[in-house]
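Everything below belongs to run-v3.txt, which stores compact mmCIF, C-alpha atoms.
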# COMPACT_ATOMS: atom_id res chain seq x y z
CA MET A 1 0.00 0.00 0.00
CA ASN A 2 1.48 3.38 -1.01
CA LYS A 3 1.22 6.75 0.76
CA LYS A 4 -1.77 7.85 -1.34
CA GLU A 5 -3.69 4.72 -0.43
CA MET A 6 -2.79 5.18 3.24
CA SER A 7 -4.21 8.71 3.04
CA GLU A 8 -7.43 7.37 1.54
CA TYR A 9 -7.68 4.88 4.37
CA SER A 10 -7.04 7.56 6.95
CA ALA A 11 -9.87 9.66 5.52
CA SER A 12 -12.38 6.87 6.15
CA PRO A 13 -14.81 7.43 9.03
CA LEU A 14 -13.60 6.01 12.34
CA ILE A 15 -15.76 3.34 13.91
CA GLU A 16 -15.60 1.50 17.19
CA PRO A 17 -13.96 -1.66 15.88
CA ASP A 18 -14.51 -5.21 17.03
CA ILE A 19 -10.79 -5.85 16.56
CA VAL A 20 -7.77 -3.58 16.47
CA VAL A 21 -4.76 -5.08 14.70
CA ILE A 22 -1.49 -3.41 15.67
CA GLY A 23 1.18 -3.68 13.00
CA GLY A 24 0.85 -3.55 9.22
CA GLY A 25 3.40 -6.18 8.29
CA ALA A 26 2.81 -9.68 6.93
CA ALA A 27 1.00 -11.04 10.00
CA GLY A 28 -0.99 -7.86 10.62
CA MET A 29 -2.21 -7.48 7.06
CA LEU A 30 -3.30 -11.10 6.78
CA ALA A 31 -4.95 -11.09 10.21
CA SER A 32 -6.92 -7.97 9.24
CA CYS A 33 -8.13 -9.56 6.01
CA ILE A 34 -9.17 -12.85 7.61
CA ALA A 35 -10.97 -11.20 10.54
CA ALA A 36 -12.81 -8.73 8.30
CA ASN A 37 -13.76 -11.48 5.87
CA ASN A 38 -15.19 -13.33 8.85
CA GLY A 39 -17.54 -10.40 9.52
CA ALA A 40 -15.61 -8.40 12.13
CA ARG A 41 -15.17 -4.63 12.02
CA VAL A 42 -11.38 -4.31 11.83
CA LEU A 43 -9.11 -1.33 12.35
CA LEU A 44 -5.44 -1.75 11.45
CA LEU A 45 -2.90 0.59 13.06
CA GLU A 46 0.48 1.12 11.39
CA GLN A 47 2.97 3.84 12.27
CA ASN A 48 4.78 3.69 8.90
CA SER A 49 3.58 5.57 5.84
CA ASP A 50 3.36 2.25 3.98
CA PHE A 51 2.23 -1.27 4.83
CA GLY A 52 4.43 -4.34 4.42
CA LYS A 53 7.80 -2.58 4.47
CA LYS A 54 9.67 -5.61 5.76
CA LEU A 55 7.69 -7.92 3.48
CA LEU A 56 8.99 -5.89 0.53
CA ILE A 57 12.61 -6.82 1.28
CA THR A 58 12.12 -10.49 2.11
CA GLY A 59 13.74 -13.00 -0.22
CA LYS A 60 15.95 -10.23 -1.62
CA GLY A 61 12.85 -8.43 -2.79
CA ARG A 62 11.30 -11.56 -4.31
CA CYS A 63 9.30 -12.64 -1.22
CA ASN A 64 9.77 -16.30 -0.33
CA LEU A 65 6.12 -16.69 0.74
CA THR A 66 6.27 -20.21 2.15
CA ASN A 67 7.72 -23.65 1.52
CA ASP A 68 5.68 -26.16 -0.46
CA CYS A 69 6.24 -29.08 1.89
CA PRO A 70 4.19 -31.17 4.35
CA VAL A 71 3.43 -29.73 7.78
CA ALA A 72 5.86 -32.23 9.34
CA ASN A 73 8.69 -30.71 7.29
CA VAL A 74 7.70 -27.20 8.33
CA LEU A 75 7.84 -28.22 11.98
CA GLU A 76 11.28 -29.80 11.46
CA ASN A 77 12.55 -26.45 10.20
CA ILE A 78 11.26 -24.46 13.17
CA THR A 79 14.11 -23.87 15.60
CA THR A 80 12.02 -22.40 18.43
CA GLY A 81 8.36 -23.12 19.17
CA GLY A 82 7.68 -26.05 16.88
CA ARG A 83 5.51 -27.96 19.32
CA PHE A 84 3.52 -24.84 20.17
CA LEU A 85 2.95 -24.03 16.49
CA ARG A 86 1.73 -27.47 15.45
CA SER A 87 -1.96 -26.55 15.75
CA ALA A 88 -1.64 -23.20 13.99
CA ILE A 89 0.32 -24.57 11.06
CA ASN A 90 -2.06 -27.48 10.65
CA GLY A 91 -4.87 -24.91 10.64
CA PHE A 92 -3.31 -22.86 7.84
CA THR A 93 -0.80 -25.03 5.98
CA PRO A 94 1.67 -24.09 3.24
CA ARG A 95 -0.85 -25.29 0.66
CA ASP A 96 -3.51 -23.11 2.29
CA VAL A 97 -1.15 -20.13 2.08
CA MET A 98 -0.50 -20.83 -1.60
CA SER A 99 -4.21 -21.20 -2.36
CA PHE A 100 -5.02 -17.97 -0.52
CA PHE A 101 -2.48 -15.85 -2.36
CA GLU A 102 -3.36 -17.29 -5.74
CA SER A 103 -7.04 -16.58 -4.96
CA ILE A 104 -6.27 -12.89 -4.39
CA GLY A 105 -4.29 -12.53 -7.60
CA VAL A 106 -0.71 -13.64 -6.89
CA PRO A 107 0.38 -16.45 -9.26
CA LEU A 108 3.06 -18.56 -7.57
CA LYS A 109 5.96 -20.80 -8.55
CA THR A 110 8.07 -23.33 -6.63
CA GLU A 111 11.85 -23.27 -6.90
CA ARG A 112 14.82 -25.21 -5.54
CA GLY A 113 14.31 -26.36 -1.98
CA THR A 114 10.52 -26.20 -2.54
CA ARG A 115 10.64 -22.45 -1.85
CA VAL A 116 7.57 -20.58 -3.09
CA PHE A 117 7.76 -17.17 -4.82
CA PRO A 118 5.46 -14.96 -6.86
CA VAL A 119 5.83 -15.73 -10.57
CA SER A 120 6.68 -12.04 -11.02
CA ASP A 121 9.59 -12.29 -8.52
CA LYS A 122 8.25 -9.06 -7.00
CA SER A 123 7.41 -8.85 -3.31
CA SER A 124 5.46 -5.68 -4.08
CA GLU A 125 2.87 -7.86 -5.81
CA VAL A 126 2.22 -9.65 -2.50
CA VAL A 127 1.85 -6.38 -0.57
CA ASP A 128 -0.40 -4.89 -3.25
CA ALA A 129 -2.63 -7.97 -3.31
CA LEU A 130 -3.04 -7.91 0.48
CA SER A 131 -3.80 -4.19 0.34
CA ARG A 132 -6.50 -4.74 -2.27
CA TYR A 133 -8.01 -7.55 -0.25
CA MET A 134 -8.04 -5.35 2.86
CA LYS A 135 -10.11 -2.80 0.96
CA LYS A 136 -12.38 -5.47 -0.44
CA THR A 137 -13.10 -6.93 3.01
CA GLY A 138 -13.69 -3.52 4.56
CA VAL A 139 -10.60 -3.19 6.75
CA LEU A 140 -10.05 0.38 7.95
CA ALA A 141 -6.53 1.60 8.56
CA ARG A 142 -4.91 4.48 10.40
CA ARG A 143 -1.37 5.76 10.35
CA LEU A 144 -1.08 5.78 14.14
CA ARG A 145 1.36 4.53 16.68
CA ALA A 146 -0.14 2.35 19.39
CA LEU A 147 1.35 3.32 22.75
CA ARG A 148 -0.21 0.87 25.17
CA LEU A 149 -3.10 -1.52 25.63
CA ILE A 150 -6.00 -0.58 27.91
CA VAL A 151 -7.14 -3.42 30.15
CA GLU A 152 -10.07 -3.54 32.59
CA ASN A 153 -10.94 -6.51 34.79
CA GLY A 154 -8.44 -8.74 33.04
CA ARG A 155 -9.60 -8.10 29.48
CA ILE A 156 -8.85 -5.74 26.61
CA ASN A 157 -10.90 -2.55 26.66
CA GLY A 158 -9.03 -0.36 24.20
CA VAL A 159 -5.78 0.92 22.69
CA ALA A 160 -4.06 4.16 23.62
CA THR A 161 -2.53 5.77 20.52
CA SER A 162 -0.55 8.86 19.66
CA LYS A 163 -3.88 10.59 18.88
CA GLY A 164 -6.09 9.33 21.66
CA ALA A 165 -7.75 6.10 22.78
CA ILE A 166 -9.65 3.65 20.61
CA ARG A 167 -12.23 1.48 22.33
CA THR A 168 -12.27 -2.22 21.40
CA THR A 169 -12.62 -5.61 23.06
CA SER A 170 -10.02 -7.47 20.97
CA VAL A 171 -6.46 -6.68 19.91
CA ILE A 172 -4.16 -8.68 17.65
CA LEU A 173 -0.58 -7.68 18.40
CA ALA A 174 1.47 -8.15 15.22
CA THR A 175 4.22 -5.59 15.71
CA GLY A 176 7.16 -7.70 14.53
CA GLY A 177 10.52 -8.04 16.24
CA MET A 178 13.65 -5.90 16.56
CA SER A 179 15.33 -6.64 13.22
CA TYR A 180 15.41 -4.05 10.42
CA PRO A 181 14.08 -1.18 12.61
CA ASP A 182 13.76 1.08 9.54
CA THR A 183 10.81 -1.09 8.52
CA GLY A 184 9.02 -0.28 11.77
CA SER A 185 10.12 -3.26 13.85
CA THR A 186 11.12 -1.21 16.88
CA GLY A 187 10.13 -3.62 19.64
CA ASP A 188 6.96 -1.77 20.71
CA GLY A 189 5.00 -5.00 20.95
CA TYR A 190 7.36 -6.46 23.50
CA LYS A 191 6.88 -3.46 25.75
CA MET A 192 3.08 -3.48 25.41
CA ALA A 193 2.93 -7.20 26.21
CA GLY A 194 5.45 -6.89 29.02
CA ASP A 195 3.49 -4.05 30.62
CA LEU A 196 0.53 -6.42 30.92
CA GLY A 197 2.58 -9.07 32.70
CA HIS A 198 3.75 -11.18 29.80
CA THR A 199 7.25 -12.65 30.00
CA ILE A 200 9.55 -11.54 27.19
CA THR A 201 12.27 -14.11 26.59
CA PRO A 202 15.76 -12.74 25.76
CA LEU A 203 15.88 -11.04 22.38
CA GLN A 204 18.77 -11.76 20.04
CA ALA A 205 19.64 -11.90 16.36
CA SER A 206 18.84 -14.98 14.32
CA LEU A 207 19.45 -15.57 10.62
CA VAL A 208 22.18 -12.98 10.68
CA PRO A 209 25.72 -12.52 9.27
CA LEU A 210 28.57 -13.41 11.61
CA GLU A 211 31.65 -11.55 12.76
CA ALA A 212 34.61 -13.88 12.42
CA ASP A 213 38.41 -14.17 12.35
CA LEU A 214 39.41 -10.85 10.80
CA GLU A 215 42.94 -12.03 10.12
CA ILE A 216 41.45 -14.34 7.51
CA CYS A 217 38.13 -12.83 6.49
CA ALA A 218 39.28 -9.25 5.95
CA ARG A 219 42.07 -10.50 3.67
CA ILE A 220 39.66 -12.33 1.38
CA GLN A 221 36.63 -10.03 1.69
CA GLY A 222 34.43 -10.14 -1.36
CA LEU A 223 35.25 -13.78 -2.08
CA SER A 224 32.15 -15.88 -2.66
CA LEU A 225 32.44 -19.65 -2.33
CA ARG A 226 29.83 -21.84 -3.99
CA ASN A 227 29.22 -25.54 -3.58
CA VAL A 228 31.06 -25.85 -0.26
CA ARG A 229 30.08 -27.73 2.88
CA LEU A 230 29.92 -25.90 6.20
CA SER A 231 30.11 -27.58 9.62
CA VAL A 232 29.45 -25.63 12.84
CA TYR A 233 30.97 -26.58 16.21
CA ASP A 234 30.28 -25.25 19.69
CA GLY A 235 33.36 -26.72 21.38
CA GLY A 236 32.29 -30.36 21.11
CA GLU A 237 33.56 -33.06 18.81
CA LYS A 238 30.39 -33.34 16.75
CA PRO A 239 29.01 -30.58 14.52
CA ILE A 240 25.78 -28.93 15.64
CA PHE A 241 24.91 -27.94 12.07
CA GLU A 242 26.01 -29.00 8.60
CA ASP A 243 24.87 -27.88 5.18
CA PHE A 244 25.98 -27.40 1.59
CA GLY A 245 25.78 -24.21 -0.44
CA GLU A 246 27.19 -20.69 -0.77
CA LEU A 247 28.91 -18.24 1.58
CA LEU A 248 30.58 -14.86 1.32
CA PHE A 249 33.59 -13.36 3.11
CA THR A 250 33.18 -9.75 4.21
CA HIS A 251 35.22 -7.06 5.92
CA TYR A 252 33.71 -8.08 9.29
CA GLY A 253 33.46 -11.84 8.82
CA MET A 254 31.04 -14.00 6.86
CA SER A 255 27.62 -13.84 5.25
CA GLY A 256 25.63 -15.61 2.55
CA PRO A 257 22.92 -18.32 2.65
CA LEU A 258 25.00 -20.94 4.48
CA ILE A 259 26.07 -18.52 7.20
CA ILE A 260 22.57 -17.08 7.65
CA SER A 261 21.20 -20.59 8.23
CA ALA A 262 24.09 -21.57 10.49
CA SER A 263 23.55 -18.53 12.72
CA ALA A 264 20.25 -19.99 13.94
CA HIS A 265 22.32 -22.58 15.82
CA MET A 266 24.62 -20.05 17.50
CA ARG A 267 22.63 -18.51 20.33
CA ASP A 268 24.84 -18.79 23.39
CA PHE A 269 27.98 -16.79 22.70
CA ALA A 270 28.30 -15.97 26.39
CA ALA A 271 28.88 -19.62 27.30
CA ARG A 272 30.12 -21.26 24.11
CA LYS A 273 32.91 -20.77 21.61
CA TYR A 274 31.72 -21.31 18.06
CA SER A 275 33.81 -22.22 15.04
CA VAL A 276 33.21 -23.49 11.53
CA LEU A 277 35.00 -25.86 9.20
CA ILE A 278 34.62 -25.31 5.46
CA ASP A 279 35.04 -28.24 3.09
CA LEU A 280 36.33 -26.49 -0.01
CA LYS A 281 36.13 -29.67 -2.11
CA PRO A 282 33.07 -31.60 -0.88
CA GLY A 283 32.91 -33.57 -4.13
CA LEU A 284 36.21 -35.29 -3.34
CA ASP A 285 36.95 -37.50 -0.35
CA GLU A 286 40.38 -37.20 1.27
CA LYS A 287 41.87 -40.02 -0.82
CA LYS A 288 40.64 -38.60 -4.14
CA LEU A 289 41.72 -35.12 -3.14
CA ASP A 290 45.21 -36.38 -2.33
CA LEU A 291 45.44 -37.98 -5.78
CA ARG A 292 44.34 -34.69 -7.32
CA ILE A 293 46.96 -32.71 -5.36
CA LEU A 294 49.62 -35.27 -6.26
CA ARG A 295 48.73 -34.96 -9.96
CA ASP A 296 49.00 -31.14 -9.81
CA PHE A 297 52.31 -31.35 -7.98
CA LYS A 298 53.70 -33.64 -10.70
CA LYS A 299 52.38 -31.27 -13.37
CA TYR A 300 54.15 -28.34 -11.70
CA SER A 301 57.02 -30.27 -10.16
CA ASN A 302 59.60 -27.52 -10.70
CA ARG A 303 57.40 -24.68 -9.52
CA ASP A 304 57.39 -23.08 -6.11
CA PHE A 305 54.56 -24.31 -3.89
CA SER A 306 52.98 -20.84 -4.06
CA ASN A 307 52.48 -21.27 -7.83
CA SER A 308 51.17 -24.83 -7.84
CA LEU A 309 47.57 -24.49 -6.63
CA ASP A 310 45.98 -22.43 -9.41
CA ASP A 311 44.17 -25.44 -10.90
CA LEU A 312 42.75 -26.49 -7.52
CA LEU A 313 41.73 -23.34 -5.64
CA THR A 314 40.36 -19.89 -6.37
CA LYS A 315 43.15 -17.33 -6.64
CA ALA A 316 42.10 -15.17 -3.67
CA LEU A 317 42.18 -18.12 -1.30
CA ILE A 318 45.59 -19.50 -2.25
CA PRO A 319 47.80 -17.17 -0.09
CA VAL A 320 45.73 -17.98 3.02
CA ILE A 321 45.84 -21.73 2.36
CA ILE A 322 49.58 -21.59 1.81
CA GLU A 323 50.13 -19.69 5.04
CA LYS A 324 47.97 -22.08 7.08
CA SER A 325 49.51 -25.19 5.52
CA GLY A 326 52.86 -24.53 7.17
CA ILE A 327 54.66 -25.23 3.89
CA ALA A 328 57.11 -22.51 2.87
CA ARG A 329 56.00 -20.62 -0.22
CA GLU A 330 59.29 -21.14 -2.05
CA THR A 331 59.36 -24.90 -1.50
CA LYS A 332 59.57 -26.78 -4.82
CA THR A 333 56.56 -29.04 -5.26
CA HIS A 334 58.73 -32.08 -6.05
CA SER A 335 60.28 -31.78 -2.59
CA ILE A 336 57.01 -31.59 -0.60
CA SER A 337 56.69 -34.65 1.60
CA ARG A 338 53.71 -37.00 1.74
CA GLU A 339 53.00 -35.80 5.28
CA GLN A 340 52.92 -32.16 4.15
CA ARG A 341 50.70 -33.05 1.20
CA LEU A 342 48.21 -34.90 3.42
CA ARG A 343 48.17 -31.97 5.82
CA LEU A 344 47.37 -29.67 2.91
CA GLY A 345 44.51 -31.93 1.85
CA LYS A 346 43.12 -31.98 5.38
CA LEU A 347 43.22 -28.19 5.46
CA ILE A 348 41.29 -27.96 2.18
CA LYS A 349 38.68 -30.40 3.50
CA SER A 350 38.46 -28.66 6.89
CA PHE A 351 39.33 -24.99 6.53
CA PRO A 352 38.84 -23.53 10.06
CA ILE A 353 37.44 -20.14 11.05
CA ASP A 354 36.63 -18.96 14.57
CA ILE A 355 33.33 -17.11 15.00
CA ASP A 356 33.40 -14.07 17.29
CA GLN A 357 29.76 -12.97 17.51
CA PRO A 358 26.66 -12.30 15.41
CA ARG A 359 26.17 -8.97 13.70
CA PRO A 360 23.79 -6.54 15.47
CA ILE A 361 20.15 -7.53 15.76
CA GLU A 362 19.26 -4.63 13.45
CA GLU A 363 20.88 -6.61 10.61
CA ALA A 364 19.11 -9.89 11.41
CA ILE A 365 16.38 -11.34 9.23
CA ILE A 366 14.55 -12.60 12.32
CA THR A 367 14.47 -11.79 16.03
CA SER A 368 14.92 -14.81 18.26
CA GLY A 369 12.99 -14.48 21.51
CA GLY A 370 9.76 -12.69 22.28
CA VAL A 371 6.49 -13.25 24.10
CA ASP A 372 6.73 -16.49 26.09
CA LEU A 373 4.71 -19.21 24.36
CA ASN A 374 3.70 -20.77 27.69
CA GLU A 375 1.49 -17.73 28.26
CA ILE A 376 -0.43 -18.12 24.97
CA ASN A 377 -3.15 -20.54 23.86
CA PRO A 378 -1.61 -22.45 20.91
CA LYS A 379 -4.96 -23.00 19.18
CA THR A 380 -6.19 -19.41 19.28
CA MET A 381 -3.05 -17.33 19.90
CA GLU A 382 -4.96 -15.65 22.76
CA SER A 383 -3.15 -14.52 25.86
CA LYS A 384 -3.69 -16.65 28.95
CA LEU A 385 -3.21 -13.51 31.05
CA VAL A 386 -5.47 -10.99 29.30
CA ARG A 387 -8.73 -11.89 27.57
CA GLY A 388 -9.12 -10.47 24.09
CA LEU A 389 -5.38 -10.10 23.49
CA TYR A 390 -3.96 -12.16 20.61
CA PHE A 391 -0.48 -12.46 19.15
CA ALA A 392 0.76 -13.10 15.61
CA GLY A 393 4.10 -13.23 13.84
CA GLU A 394 7.58 -12.30 14.97
CA VAL A 395 6.50 -10.80 18.31
CA LEU A 396 6.18 -14.44 19.47
CA ASN A 397 9.14 -16.43 20.74
CA ALA A 398 9.11 -18.59 17.61
CA ASP A 399 11.47 -18.70 14.64
CA ALA A 400 12.75 -20.99 11.92
CA TYR A 401 15.36 -21.52 9.25
CA THR A 402 15.33 -19.68 5.93
CA GLY A 403 13.24 -21.07 3.11
CA GLY A 404 9.86 -19.46 3.69
CA PHE A 405 9.33 -21.02 7.11
CA ASN A 406 9.33 -17.76 9.08
CA LEU A 407 6.67 -16.25 6.85
CA GLN A 408 4.70 -19.48 7.21
CA ILE A 409 4.78 -18.92 10.99
CA ALA A 410 3.51 -15.37 10.43
CA TRP A 411 0.66 -16.49 8.16
CA SER A 412 -0.42 -19.41 10.36
CA THR A 413 -0.40 -17.51 13.65
CA ALA A 414 -2.17 -14.54 12.03
CA TYR A 415 -4.85 -16.84 10.64
CA ALA A 416 -5.38 -18.56 14.01
CA ALA A 417 -5.56 -15.25 15.87
CA ALA A 418 -7.92 -13.67 13.33
CA LYS A 419 -10.32 -16.64 13.26
CA ALA A 420 -10.44 -16.79 17.05
CA ALA A 421 -10.79 -13.03 17.60
CA SER A 422 -13.54 -12.68 14.96
CA SER A 423 -15.48 -15.61 16.43
CA ARG A 424 -15.72 -14.23 19.96
CA ASP A 425 -19.14 -13.81 21.53

Is it possible to express this structure as structure tokens?
Amino acid sequence: MNKKEMSEYSASPLIEPDIVVIGGGAAGMLASCIAANNGARVLLLEQNSDFGKKLLITGKGRCNLTNDCPVANVLENITTGGRFLRSAINGFTPRDVMSFFESIGVPLKTERGTRVFPVSDKSSEVVDALSRYMKKTGVLARRLRALRLIVENGRINGVATSKGAIRTTSVILATGGMSYPDTGSTGDGYKMAGDLGHTITPLQASLVPLEADLEICARIQGLSLRNVRLSVYDGGEKPIFEDFGELLFTHYGMSGPLIISASAHMRDFAARKYSVLIDLKPGLDEKKLDLRILRDFKKYSNRDFSNSLDDLLTKALIPVIIEKSGIARETKTHSISREQRLRLGKLIKSFPIDIDQPRPIEEAIITSGGVDLNEINPKTMESKLVRGLYFAGEVLNADAYTGGFNLQIAWSTAYAAAKAASSRD
């Protein structure tokens, strides 16, 4: 929804709504549509000039709407809150999400990893379609900042805003998390829920780039590695995460799809020391890699070691590999011992980098932490502490891997909250 459309909404006559939805992101927009379509008078409050600002940048602007997989697979990809979310996701599955968006004019396609995108590859199409459906279902909207929730006798009685109070008996809190604050995710929802007695679990970055060994990373910043295997360790002998794909070295450390996914498993930097091993040649086992190195060494038998790896490794990485191998640069390849060669192969199969910390939460795709799930009814998303208060989306202490799973959480919890709130007596 653009600024002109927001102005048109704001000019609409104000009613005493059945439901006030706070937050005009993915969860808030969908919740508004579903509740209004179910016959409720809905008022959506959004402090930004536009709706769906964070939705516009998801999936690098393409909007990975969901993942076309069974519910069991969705739950496997949820890192926090999977058991709690079982009912909500079964109530509004990935196929339900796909059917809904296609029904409101967003043709979809499924790509690698069963990730679902608009055929247009434009996230703006998703936001525009939701905006149109909001109008069609009679949702009213105001560009207002909600300041606090008004509660009387243990139940919602209204919302205090920057321009006065709005009386209502139901609120759906869909204010998002703390990541990307320029999109409006400023943490207001946590404060409003906390003021009413809800527990807010520790907030931290998830799905975020990582600050890492600058001695290595800064030297090779800009280098993108494709088709590598990444293993994450937290001080133990066994990896806590492994995957195959692409990563990028930056001036501060590491980023890219593999690193973003791996970060979801690194949530205790205060107590644990994290490190990664990169298999630069996952298509070759150690024996085959040794034969390959031996063949290159024979091919360049009279060259210095520093000039013998061009066929095997990307140019930017060679000086770092040479330094870490412990083999002098000027050593002739024909004089490198079997032990040195095997050590080189082991380094290529297990290139180590120490992880220092995640980047700031403002750079994270998702906020880990939020309103404690033990204080919420998993079937309705209603607060167990305050009647008429519902939660949807990132404000909850629930998150998942990349691949459309976090938006699926937003859609499913918004649907559950909207159906329950619009069905109240």

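Distances here use all atoms listed in the file; by that measure, the residue among A:Phe100, A:Gly164, A:Lys379, A:Leu294 closest to Gln340 in chain A is A:Leu294.
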
> So which one's closest to Tyr233 in chain A, A:Tyr390, A:Phe249, A:Tyr274, A:Phe51? Using all atoms listed in the file, please.
Replying inline: A:Tyr274

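Of the residues listed (A:Asn397, A:Thr93, A:Ser99, A:Ser335), A:Asn397 shows the shortest atom-to-atom separation from Thr199 in chain A; distances use all atoms listed in the file.
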
>> Set the distance at 12 Å and use all atoms listed in the file: which residues neighbour range 111-119 of chain A once local chain neighbours fewer than 2 positions away are removed? I'd like the list as a PyMOL selection string.
In response: chain A and resi 58-70+73-74+94-95+97-99+101-102+105-109+121-127+129+245+402-408

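In this structure, CA of Gly28 in chain A sits 17.0 Å away from CA of Asp399 in chain A.
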
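In this comparison, which uses all atoms listed in the file, the residue of A:Leu291, A:Leu140, A:Met381, A:Met134 approaching Ile19 in chain A most closely is A:Leu140.
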
Counting all atoms listed in the file, which residues of range 296-331 of chain A fall within 8 Å of range 209-226 of chain A, and what is the closest atom pair for each with its distance in Å at one decimal, ordered by chain and rising number, as a tab-separated table?
residue	atom	partner	partner_atom	distance
A:Ala316	CA	A:Ile220	CA	6.3
A:Leu317	CA	A:Ile220	CA	6.9
A:Val320	CA	A:Ile216	CA	7.2

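The space separating CA of Thr137 in chain A from CA of Ala410 in chain A comes to 20.1 Å.
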
Would you mind completing range 234-249 of chain A to N, CA, C and O atoms and writing the output as a tab-separated table (two decimals), in the coordinates of the input?
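Output file result-v8.tsv follows:
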chain	number	residue	atom	x	y	z
A	234	ASP	N	30.43	-26.11	18.51
A	234	ASP	CA	30.28	-25.25	19.69
A	234	ASP	C	31.24	-25.67	20.80
A	234	ASP	O	30.99	-25.45	21.97
A	235	GLY	N	32.37	-26.26	20.42
A	235	GLY	CA	33.36	-26.72	21.38
A	235	GLY	C	33.38	-28.23	21.53
A	235	GLY	O	34.33	-28.80	22.08
A	236	GLY	N	32.36	-28.90	21.05
A	236	GLY	CA	32.29	-30.36	21.11
A	236	GLY	C	32.93	-31.01	19.90
A	236	GLY	O	33.40	-30.34	18.97
A	237	GLU	N	32.93	-32.33	19.90
A	237	GLU	CA	33.56	-33.06	18.81
A	237	GLU	C	32.64	-33.21	17.60
A	237	GLU	O	33.11	-33.36	16.48
A	238	LYS	N	31.34	-33.16	17.83
A	238	LYS	CA	30.39	-33.34	16.75
A	238	LYS	C	29.82	-32.00	16.30
A	238	LYS	O	29.56	-31.13	17.13
A	239	PRO	N	29.59	-31.84	15.00
A	239	PRO	CA	29.01	-30.58	14.52
A	239	PRO	C	27.56	-30.43	14.98
A	239	PRO	O	26.82	-31.41	15.09
A	240	ILE	N	27.17	-29.19	15.26
A	240	ILE	CA	25.78	-28.93	15.64
A	240	ILE	C	24.94	-28.51	14.44
A	240	ILE	O	23.73	-28.41	14.52
A	241	PHE	N	25.62	-28.29	13.31
A	241	PHE	CA	24.91	-27.94	12.07
A	241	PHE	C	25.83	-28.22	10.90
A	241	PHE	O	27.04	-27.96	10.95
A	242	GLU	N	25.27	-28.77	9.84
A	242	GLU	CA	26.01	-29.00	8.60
A	242	GLU	C	25.10	-28.72	7.41
A	242	GLU	O	23.91	-29.07	7.44
A	243	ASP	N	25.65	-28.09	6.38
A	243	ASP	CA	24.87	-27.88	5.18
A	243	ASP	C	25.81	-27.58	4.02
A	243	ASP	O	27.02	-27.36	4.21
A	244	PHE	N	25.24	-27.54	2.83
A	244	PHE	CA	25.98	-27.40	1.59
A	244	PHE	C	25.42	-26.20	0.83
A	244	PHE	O	24.21	-26.02	0.78
A	245	GLY	N	26.30	-25.36	0.29
A	245	GLY	CA	25.78	-24.21	-0.44
A	245	GLY	C	26.81	-23.12	-0.66
A	245	GLY	O	27.97	-23.38	-0.96
A	246	GLU	N	26.39	-21.85	-0.42
A	246	GLU	CA	27.19	-20.69	-0.77
A	246	GLU	C	27.41	-19.79	0.45
A	246	GLU	O	26.52	-19.63	1.29
A	247	LEU	N	28.61	-19.21	0.53
A	247	LEU	CA	28.91	-18.24	1.58
A	247	LEU	C	29.79	-17.14	1.01
A	247	LEU	O	30.40	-17.28	-0.05
A	248	LEU	N	29.86	-16.05	1.76
A	248	LEU	CA	30.58	-14.86	1.32
A	248	LEU	C	31.45	-14.34	2.45
A	248	LEU	O	31.01	-14.23	3.59
A	249	PHE	N	32.70	-14.00	2.14
A	249	PHE	CA	33.59	-13.36	3.11
A	249	PHE	C	33.44	-11.85	3.00
A	249	PHE	O	33.36	-11.29	1.90
